[in-house]
Structure formats: structure tokens, C-alpha cells
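A.B. asks: File name run_27.txt; file contents compact mmCIF, C-alpha atoms; full text below.
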# COMPACT_ATOMS: atom_id res chain seq x y z
CA GLY Q 1 -55.89 12.02 -17.24
CA ASP Q 2 -56.04 9.97 -14.09
CA SER Q 3 -56.58 6.24 -14.54
CA VAL Q 4 -56.42 2.87 -12.82
CA THR Q 5 -55.32 -0.38 -14.45
CA GLN Q 6 -56.16 -3.75 -12.92
CA MET Q 7 -55.19 -7.22 -13.97
CA GLU Q 8 -57.74 -9.00 -16.11
CA GLY Q 9 -59.79 -11.69 -14.50
CA PRO Q 10 -61.21 -14.02 -13.69
CA VAL Q 11 -58.72 -15.28 -11.18
CA THR Q 12 -59.44 -18.82 -10.01
CA LEU Q 13 -57.68 -20.16 -6.92
CA SER Q 14 -58.00 -23.09 -4.57
CA GLU Q 15 -58.86 -22.44 -0.95
CA GLU Q 16 -55.82 -21.42 1.16
CA ALA Q 17 -53.88 -20.25 -1.91
CA PHE Q 18 -52.02 -16.94 -1.97
CA LEU Q 19 -53.75 -14.08 -3.76
CA THR Q 20 -52.29 -11.13 -5.61
CA ILE Q 21 -54.38 -8.75 -7.70
CA ASN Q 22 -52.29 -6.14 -9.44
CA CYS Q 23 -53.30 -2.49 -9.59
CA THR Q 24 -51.33 0.39 -11.07
CA TYR Q 25 -52.40 3.97 -11.41
CA THR Q 26 -51.68 7.17 -13.28
CA ALA Q 27 -52.37 10.41 -11.47
CA THR Q 28 -50.97 13.85 -10.92
CA GLY Q 29 -49.94 14.56 -7.38
CA TYR Q 30 -50.66 12.14 -4.57
CA PRO Q 31 -54.03 10.44 -4.83
CA SER Q 32 -55.64 8.33 -2.16
CA LEU Q 33 -55.99 4.67 -3.10
CA PHE Q 34 -58.75 2.22 -2.26
CA TRP Q 35 -59.77 -1.39 -2.72
CA TYR Q 36 -63.49 -2.12 -2.82
CA VAL Q 37 -65.15 -5.54 -2.97
CA GLN Q 38 -68.47 -6.36 -4.62
CA TYR Q 39 -70.16 -9.61 -3.62
CA PRO Q 40 -72.78 -11.06 -6.00
CA GLY Q 41 -75.92 -8.94 -6.08
CA GLU Q 42 -74.58 -6.36 -3.67
CA GLY Q 43 -73.09 -2.89 -3.70
CA LEU Q 44 -69.45 -2.00 -3.21
CA GLN Q 45 -67.89 -2.30 0.22
CA LEU Q 46 -64.67 -0.62 1.25
CA LEU Q 47 -62.00 -3.25 1.86
CA LEU Q 48 -59.01 -1.04 2.65
CA LYS Q 49 -57.41 2.27 1.81
CA ALA Q 50 -54.13 4.19 1.91
CA THR Q 51 -53.72 7.91 1.74
CA LYS Q 52 -49.97 8.45 1.31
CA ALA Q 53 -46.85 6.77 0.01
CA ASP Q 54 -45.70 3.67 1.93
CA ASP Q 55 -48.99 3.45 3.82
CA LYS Q 56 -50.24 -0.11 4.18
CA GLY Q 57 -53.98 -0.68 4.29
CA SER Q 58 -55.24 -3.92 5.79
CA ASN Q 59 -58.53 -5.56 6.60
CA LYS Q 60 -59.88 -9.14 6.92
CA GLY Q 61 -56.47 -10.58 6.04
CA PHE Q 62 -56.12 -8.45 2.90
CA GLU Q 63 -53.24 -6.00 2.53
CA ALA Q 64 -52.09 -3.42 0.02
CA THR Q 65 -49.16 -1.01 0.16
CA TYR Q 66 -49.11 2.39 -1.54
CA ARG Q 67 -45.98 2.32 -3.71
CA LYS Q 68 -45.31 5.72 -5.22
CA GLU Q 69 -42.12 4.67 -6.99
CA THR Q 70 -43.96 1.99 -8.97
CA THR Q 71 -47.39 3.72 -8.89
CA SER Q 72 -48.92 0.51 -7.62
CA PHE Q 73 -51.35 -0.68 -4.96
CA HIS Q 74 -51.44 -4.46 -5.31
CA LEU Q 75 -53.93 -6.42 -3.22
CA GLU Q 76 -52.66 -9.51 -1.38
CA LYS Q 77 -54.02 -12.16 0.92
CA GLY Q 78 -52.04 -15.03 2.31
CA SER Q 79 -54.79 -17.66 2.38
CA VAL Q 80 -58.05 -17.15 0.49
CA GLN Q 81 -61.38 -18.67 1.44
CA VAL Q 82 -64.41 -19.59 -0.65
CA SER Q 83 -66.20 -16.64 0.95
CA ASP Q 84 -63.66 -14.27 -0.69
CA SER Q 85 -65.17 -14.99 -4.10
CA ALA Q 86 -66.24 -11.58 -5.40
CA VAL Q 87 -65.22 -8.79 -7.74
CA TYR Q 88 -62.43 -6.53 -6.48
CA PHE Q 89 -62.08 -2.92 -7.62
CA CYS Q 90 -59.05 -0.72 -7.25
CA ALA Q 91 -59.87 3.00 -7.14
CA LEU Q 92 -58.13 6.31 -6.73
CA SER Q 93 -59.36 9.62 -5.47
CA PRO Q 94 -57.33 12.45 -6.97
CA ARG Q 95 -56.49 15.36 -4.72
CA THR Q 96 -58.38 17.79 -6.88
CA SER Q 97 -59.89 20.77 -5.20
CA GLY Q 98 -63.64 20.64 -4.94
CA THR Q 99 -64.26 16.96 -5.35
CA TYR Q 100 -63.11 13.54 -4.31
CA LYS Q 101 -64.78 11.52 -7.02
CA TYR Q 102 -63.39 8.03 -7.48
CA ILE Q 103 -61.78 6.65 -10.60
CA PHE Q 104 -62.18 2.88 -10.72
CA GLY Q 105 -60.33 0.09 -12.40
CA THR Q 106 -62.31 -2.41 -14.44
CA GLY Q 107 -62.57 -4.89 -11.58
CA THR Q 108 -61.08 -8.35 -11.14
CA ARG Q 109 -63.34 -11.30 -10.51
CA LEU Q 110 -61.97 -13.80 -7.99
CA LYS Q 111 -63.33 -17.32 -7.74
CA VAL Q 112 -62.11 -19.53 -4.90
CA LEU Q 113 -62.72 -23.26 -5.14
CA ALA Q 114 -63.13 -25.51 -2.12
CA ASP I 1 -75.32 -2.46 5.48
CA SER I 2 -73.61 0.77 4.43
CA GLY I 3 -76.47 3.02 5.58
CA VAL I 4 -77.03 4.28 2.03
CA THR I 5 -80.41 3.36 0.59
CA GLN I 6 -81.48 3.32 -3.03
CA THR I 7 -84.88 2.81 -4.59
CA PRO I 8 -86.10 1.08 -6.59
CA LYS I 9 -83.94 -2.02 -6.61
CA HIS I 10 -84.99 -2.94 -10.14
CA LEU I 11 -86.52 -0.90 -12.92
CA ILE I 12 -87.66 -2.13 -16.32
CA THR I 13 -88.81 0.39 -18.88
CA ALA I 14 -88.93 1.06 -22.61
CA THR I 15 -86.80 3.16 -24.90
CA GLY I 16 -87.74 6.82 -24.95
CA GLN I 17 -89.10 6.79 -21.42
CA ARG I 18 -87.98 8.75 -18.37
CA VAL I 19 -87.16 7.33 -14.93
CA THR I 20 -86.09 8.67 -11.55
CA LEU I 21 -83.70 6.89 -9.22
CA ARG I 22 -83.62 7.85 -5.58
CA CYS I 23 -80.82 7.80 -3.02
CA SER I 24 -80.74 8.53 0.69
CA PRO I 25 -77.23 9.07 2.06
CA ARG I 26 -75.91 7.90 5.41
CA SER I 27 -77.00 10.02 8.32
CA GLY I 28 -74.65 13.01 8.57
CA ASP I 29 -73.14 12.64 5.10
CA LEU I 30 -73.37 15.79 2.99
CA SER I 31 -71.90 14.53 -0.27
CA VAL I 32 -73.70 12.27 -2.72
CA TYR I 33 -72.05 10.68 -5.76
CA TRP I 34 -73.71 8.83 -8.63
CA TYR I 35 -71.95 6.09 -10.60
CA GLN I 36 -72.96 3.94 -13.55
CA GLN I 37 -71.76 0.34 -13.80
CA SER I 38 -72.10 -1.27 -17.20
CA LEU I 39 -70.45 -4.31 -18.74
CA ASP I 40 -68.58 -2.37 -21.42
CA GLN I 41 -67.73 0.82 -19.51
CA GLY I 42 -67.10 -0.48 -16.01
CA LEU I 43 -67.78 1.88 -13.10
CA GLN I 44 -68.03 5.47 -14.25
CA PHE I 45 -68.47 8.57 -12.11
CA LEU I 46 -71.48 10.61 -13.19
CA ILE I 47 -72.00 13.51 -10.81
CA GLN I 48 -71.45 14.74 -7.25
CA TYR I 49 -73.57 16.96 -5.03
CA TYR I 50 -72.53 18.52 -1.78
CA ASN I 51 -75.12 19.99 0.57
CA GLY I 52 -77.52 20.67 -2.26
CA GLU I 53 -75.07 22.05 -4.77
CA GLU I 54 -73.48 20.38 -7.76
CA ARG I 55 -69.78 19.91 -7.05
CA ALA I 56 -68.37 17.84 -9.91
CA LYS I 57 -69.46 16.29 -13.18
CA GLY I 58 -68.08 13.21 -14.85
CA ASN I 59 -69.25 11.28 -17.88
CA ILE I 60 -72.88 12.26 -17.51
CA LEU I 61 -75.01 12.50 -20.62
CA GLU I 62 -77.11 15.59 -21.27
CA ARG I 63 -80.20 13.36 -21.09
CA PHE I 64 -79.33 12.70 -17.44
CA SER I 65 -79.71 15.13 -14.58
CA ALA I 66 -79.58 15.01 -10.83
CA GLN I 67 -80.39 17.08 -7.79
CA GLN I 68 -79.93 16.98 -4.04
CA PHE I 69 -82.78 18.16 -1.84
CA PRO I 70 -82.69 20.04 1.48
CA ASP I 71 -83.07 16.75 3.38
CA LEU I 72 -79.94 15.62 1.47
CA HIS I 73 -81.55 12.81 -0.47
CA SER I 74 -80.72 12.82 -4.15
CA GLU I 75 -82.48 11.87 -7.34
CA LEU I 76 -80.98 10.90 -10.69
CA ASN I 77 -83.28 11.55 -13.64
CA LEU I 78 -82.71 9.64 -16.86
CA SER I 79 -84.72 10.68 -19.91
CA SER I 80 -85.11 9.63 -23.55
CA LEU I 81 -83.80 6.27 -22.49
CA GLU I 82 -81.79 4.14 -24.91
CA LEU I 83 -80.90 0.46 -24.81
CA GLY I 84 -77.34 1.40 -23.89
CA ASP I 85 -78.51 3.06 -20.67
CA SER I 86 -79.21 -0.37 -19.20
CA ALA I 87 -76.84 -0.63 -16.26
CA LEU I 88 -76.47 -0.68 -12.50
CA TYR I 89 -76.64 2.79 -11.00
CA PHE I 90 -74.93 3.27 -7.66
CA CYS I 91 -75.19 6.09 -5.23
CA ALA I 92 -72.46 6.73 -2.69
CA SER I 93 -72.18 9.19 0.15
CA SER I 94 -69.41 10.70 2.22
CA VAL I 95 -69.08 13.26 4.95
CA VAL I 96 -67.17 15.97 3.17
CA ALA I 97 -66.73 17.24 -0.34
CA SER I 98 -63.05 18.11 -0.33
CA GLY I 99 -60.18 18.99 1.92
CA SER I 100 -59.15 15.47 2.86
CA PRO I 101 -59.48 12.01 1.35
CA ASP I 102 -62.82 10.64 2.31
CA THR I 103 -64.28 7.16 2.23
CA GLN I 104 -67.37 6.76 0.11
CA TYR I 105 -70.12 4.38 1.23
CA PHE I 106 -72.09 2.74 -1.53
CA GLY I 107 -75.74 1.82 -1.73
CA PRO I 108 -76.96 -1.52 -3.11
CA GLY I 109 -77.68 -0.02 -6.52
CA THR I 110 -80.63 0.23 -8.90
CA ARG I 111 -80.61 -2.12 -11.87
CA LEU I 112 -82.13 -0.39 -14.89
CA THR I 113 -83.20 -2.45 -17.87
CA VAL I 114 -84.29 -0.61 -21.01
CA LEU I 115 -86.21 -2.77 -23.48
Please render this file's structure as C-alpha cells.

C.D. replies:
Amino acid sequence: GDSVTQMEGPVTLSEEAFLTINCTYTATGYPSLFWYVQYPGEGLQLLLKATKADDKGSNKGFEATYRKETTSFHLEKGSVQVSDSAVYFCALSPRTSGTYKYIFGTGTRLKVLA
Amino acid sequence: DSGVTQTPKHLITATGQRVTLRCSPRSGDLSVYWYQQSLDQGLQFLIQYYNGEERAKGNILERFSAQQFPDLHSELNLSSLELGDSALYFCASSVVASGSPDTQYFGPGTRLTVL
């Protein structure tokens, strides 16, 4: 079945370091891909999305490119801030008729130190 | 603020009891999704409703049920509660049910603790 695999956390970085969080997926067809962020004590917020191969989603300095050939959607940011500390979830929405439920990865906790 | 509201924020109850979680979607959204977030299972899709009708089921136990009312708010009913049902329950909403990829907007969640 469809699935999402994320790198294990926690990831600890110093402020202004480069961030990569790996995400790979297994799905039939061409799913849509998403990154959500969950700050402590809050719900999930959409960070960015991509709906077809080679699409690049970007928001707040974060980027991810839909790579069909490697079935990946890695999240990157050039310079992280303390305020980026959160849990990041990669998700896919399979193009299955009748529903667009999400399938989530396990989440990667990011901690940024000042 | 996503525009999705969930009540209550916290719920503490005992094993064997029954609880109801409530969700109000964003204005104009017709689809409601329920997810369970637990430490060992991660975020799991439970069920989806679209305009009052059940559209998809995920890993939802038979002890759990849901419905969506004419005003589009939704309730998730959990019965015969077990310790393992302790989790964060999220509701999400989106405009459509299918046809094109659609962003889901998540509520703040209800934290259920079963003692």
C-alpha cells in the first residue's frame, strides 16, 4: 500500500545551519505531496505542497521538490532559526477516487539551538 | 488559526467509558477528516465525511464511530474506551472530497487521556 518514510529524529542544529529532512514515498500513480509542521501544543499547519513531478513547493524559506524518479520530497532550508523548532511531517494524498485522505510519515523533530 | 475548531481541548476519562469529540470545519469546507496521533502509531487516518456522507474509512476501530451533521460539524464517538485509546485526535477540513488534490486544514486537536 501507499506509505511515507521520513528520517528519524531528533535533528539538532545550530542557528543558521542548513537543514535537510529526507522523505521518500511509495504510491501507485501520482500522489500529491505535502509538508506539515507541528509546533509544540498546536495542530498541524501546511508548510508547502507539490502536486506533480518536478514541482517545487516553497514557503517561509523552506523548499521541497517532487522527484518522481527517486520518489522523494526532501525538505530543505538554507538557514534555520530557533523559531523553526517543531515536528515536521511529510504526507501524501493518493489520487484515489472518492477520497483525498492523507498518509503521514512518522514525523521528524527539529531542535534549533541559539 | 486554521479556522477549524475542536472541543474539548482536553478530556480525561476512565476505561470502559464513552466520549464524544466535536469538530467544526472552516466556513465553506464540505469535507471533514479525523486523525489519531499516538506515540506508537504516529498520525493515522480514521474516517472522512463529505457533505454528511461517509466517504472513506481508514484504521478506525469498530468501537469508534463518526457522523457529519447538516450544519457540517462532525462528531467522533469513542466507546468502551481502553488505555490504548489515549491519543491526540485531530480533525481536518477541506473544500472538496475528490477530483483534485486539496489542502487539508487541521484543528488544534483534542487530547484524550484514558485512565

A.B. asks: Up to 8 Å from chain Q, what residues of chain I turn up? Count only C-alpha atoms and give them as a ChimeraX atom specification.

C.D. replies: /I:2,33,42-45,48,55-56,90,97-99,101-109

A.B. asks: Got a sec: who's within 6 Å of I:Trp34, counting only C-alpha atoms, leaving out chain neighbours fewer than 6 positions off, as a PyMOL selection string?

C.D. replies: chain I and resi 46-47+90-91

A.B. asks: Just the residues within 12 Å of I:Gln67, please, counting only C-alpha atoms, with nothing from its chain fewer than 2 positions along; format it as a PyMOL selection string.

C.D. replies: chain I and resi 20-23+31-34+47-55+64-65+69-78

A.B. asks: Got time to write the residues from that selection, C-alpha atoms, as a JSON list (two decimals), keeping the file's coordinate frame?

C.D. replies:
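Output saved as part.json:
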[["chain", "number", "residue", "atom", "x", "y", "z"],
["I", 20, "THR", "CA", -86.09, 8.67, -11.55],
["I", 21, "LEU", "CA", -83.70, 6.89, -9.22],
["I", 22, "ARG", "CA", -83.62, 7.85, -5.58],
["I", 23, "CYS", "CA", -80.82, 7.80, -3.02],
["I", 31, "SER", "CA", -71.90, 14.53, -0.27],
["I", 32, "VAL", "CA", -73.70, 12.27, -2.72],
["I", 33, "TYR", "CA", -72.05, 10.68, -5.76],
["I", 34, "TRP", "CA", -73.71, 8.83, -8.63],
["I", 47, "ILE", "CA", -72.00, 13.51, -10.81],
["I", 48, "GLN", "CA", -71.45, 14.74, -7.25],
["I", 49, "TYR", "CA", -73.57, 16.96, -5.03],
["I", 50, "TYR", "CA", -72.53, 18.52, -1.78],
["I", 51, "ASN", "CA", -75.12, 19.99, 0.57],
["I", 52, "GLY", "CA", -77.52, 20.67, -2.26],
["I", 53, "GLU", "CA", -75.07, 22.05, -4.77],
["I", 54, "GLU", "CA", -73.48, 20.38, -7.76],
["I", 55, "ARG", "CA", -69.78, 19.91, -7.05],
["I", 64, "PHE", "CA", -79.33, 12.70, -17.44],
["I", 65, "SER", "CA", -79.71, 15.13, -14.58],
["I", 69, "PHE", "CA", -82.78, 18.16, -1.84],
["I", 70, "PRO", "CA", -82.69, 20.04, 1.48],
["I", 71, "ASP", "CA", -83.07, 16.75, 3.38],
["I", 72, "LEU", "CA", -79.94, 15.62, 1.47],
["I", 73, "HIS", "CA", -81.55, 12.81, -0.47],
["I", 74, "SER", "CA", -80.72, 12.82, -4.15],
["I", 75, "GLU", "CA", -82.48, 11.87, -7.34],
["I", 76, "LEU", "CA", -80.98, 10.90, -10.69],
["I", 77, "ASN", "CA", -83.28, 11.55, -13.64],
["I", 78, "LEU", "CA", -82.71, 9.64, -16.86]]

A.B. asks: Would you work out the distance separating atom CA of Q:Met7 from atom CA of Q:Thr28, expressed in Å to one decimal?

C.D. replies: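 Calculated distance between atom CA of Q:Met7 and atom CA of Q:Thr28 is 21.7 Å.
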
A.B. asks: Hey, can you check how far atom CA of Q:Trp35 sits from atom CA of I:Thr110?

C.D. replies: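 Answer for the atom CA of Q:Trp35 to atom CA of I:Thr110 separation: 21.8 Å.
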
A.B. asks: Nearest to I:Asp85: which of I:Gly3, I:Gly28, I:Gly16, I:Pro8 is it, counting all atoms listed in the file?

C.D. replies: I:Gly16

A.B. asks: How many Å lie between atom CA of Q:Gly61 and atom CA of I:Gln37, rounded to one decimal?

C.D. replies: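 Value for the atom CA of Q:Gly61-atom CA of I:Gln37 distance: 27.3 Å.
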
A.B. asks: Please give the centre and size of the box around stretch 90-95 of chain I (axis-aligned, containing every atom listed in the file, 8 Å added per side), with values in Å to one decimal and written as AutoDock Vina command-line options.

C.D. replies:
--center_x -72.1 --center_y 8.3 --center_z -1.4 --size_x 22.1 --size_y 26.0 --size_z 28.6

A.B. asks: Looking at I:Asn59, I:Arg18, I:Ser24, I:Ile12, which one is nearest to I:Ser93, with distances taken over all atoms listed in the file?

C.D. replies: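 Among the listed residues, the smallest separation from I:Ser93 belongs to I:Ser24.
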
A.B. asks: Write out as a PyMOL selection string each polymer residue whose atoms come within 10 Å of Q:Phe62, counting all atoms listed in the file; drop sequence neighbours fewer than 6 positions from it.

C.D. replies: chain Q and resi 19-20+35+47-48+75-80

A.B. asks: Need the shell around I:Leu83: protein/DNA/RNA residues with any atom at most 10 Å away, counting all atoms listed in the file. Skip same-chain ones fewer than 4 positions apart. Format as a list in words?

C.D. replies: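 Residues near the query, excluding close chain neighbours: Thr13, Ala14, Thr15, Gly16, Ala87, Thr113, Val114 and Leu115 of chain I.
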
A.B. asks: Point out the residue among I:Leu30, I:Leu39, I:Gln17, I:Gln6 with the least atom-to-atom distance to I:Val96, counting only C-alpha atoms.

C.D. replies: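 That would be I:Leu30, the residue with the smallest distance to I:Val96.
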
A.B. asks: Smallest atom-to-atom distance to I:Arg63: which of I:Ser79, I:Ser27, I:Gln41, I:Ser94, using all atoms listed in the file?

C.D. replies: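 So, comparing all the options, the nearest one is I:Ser79.
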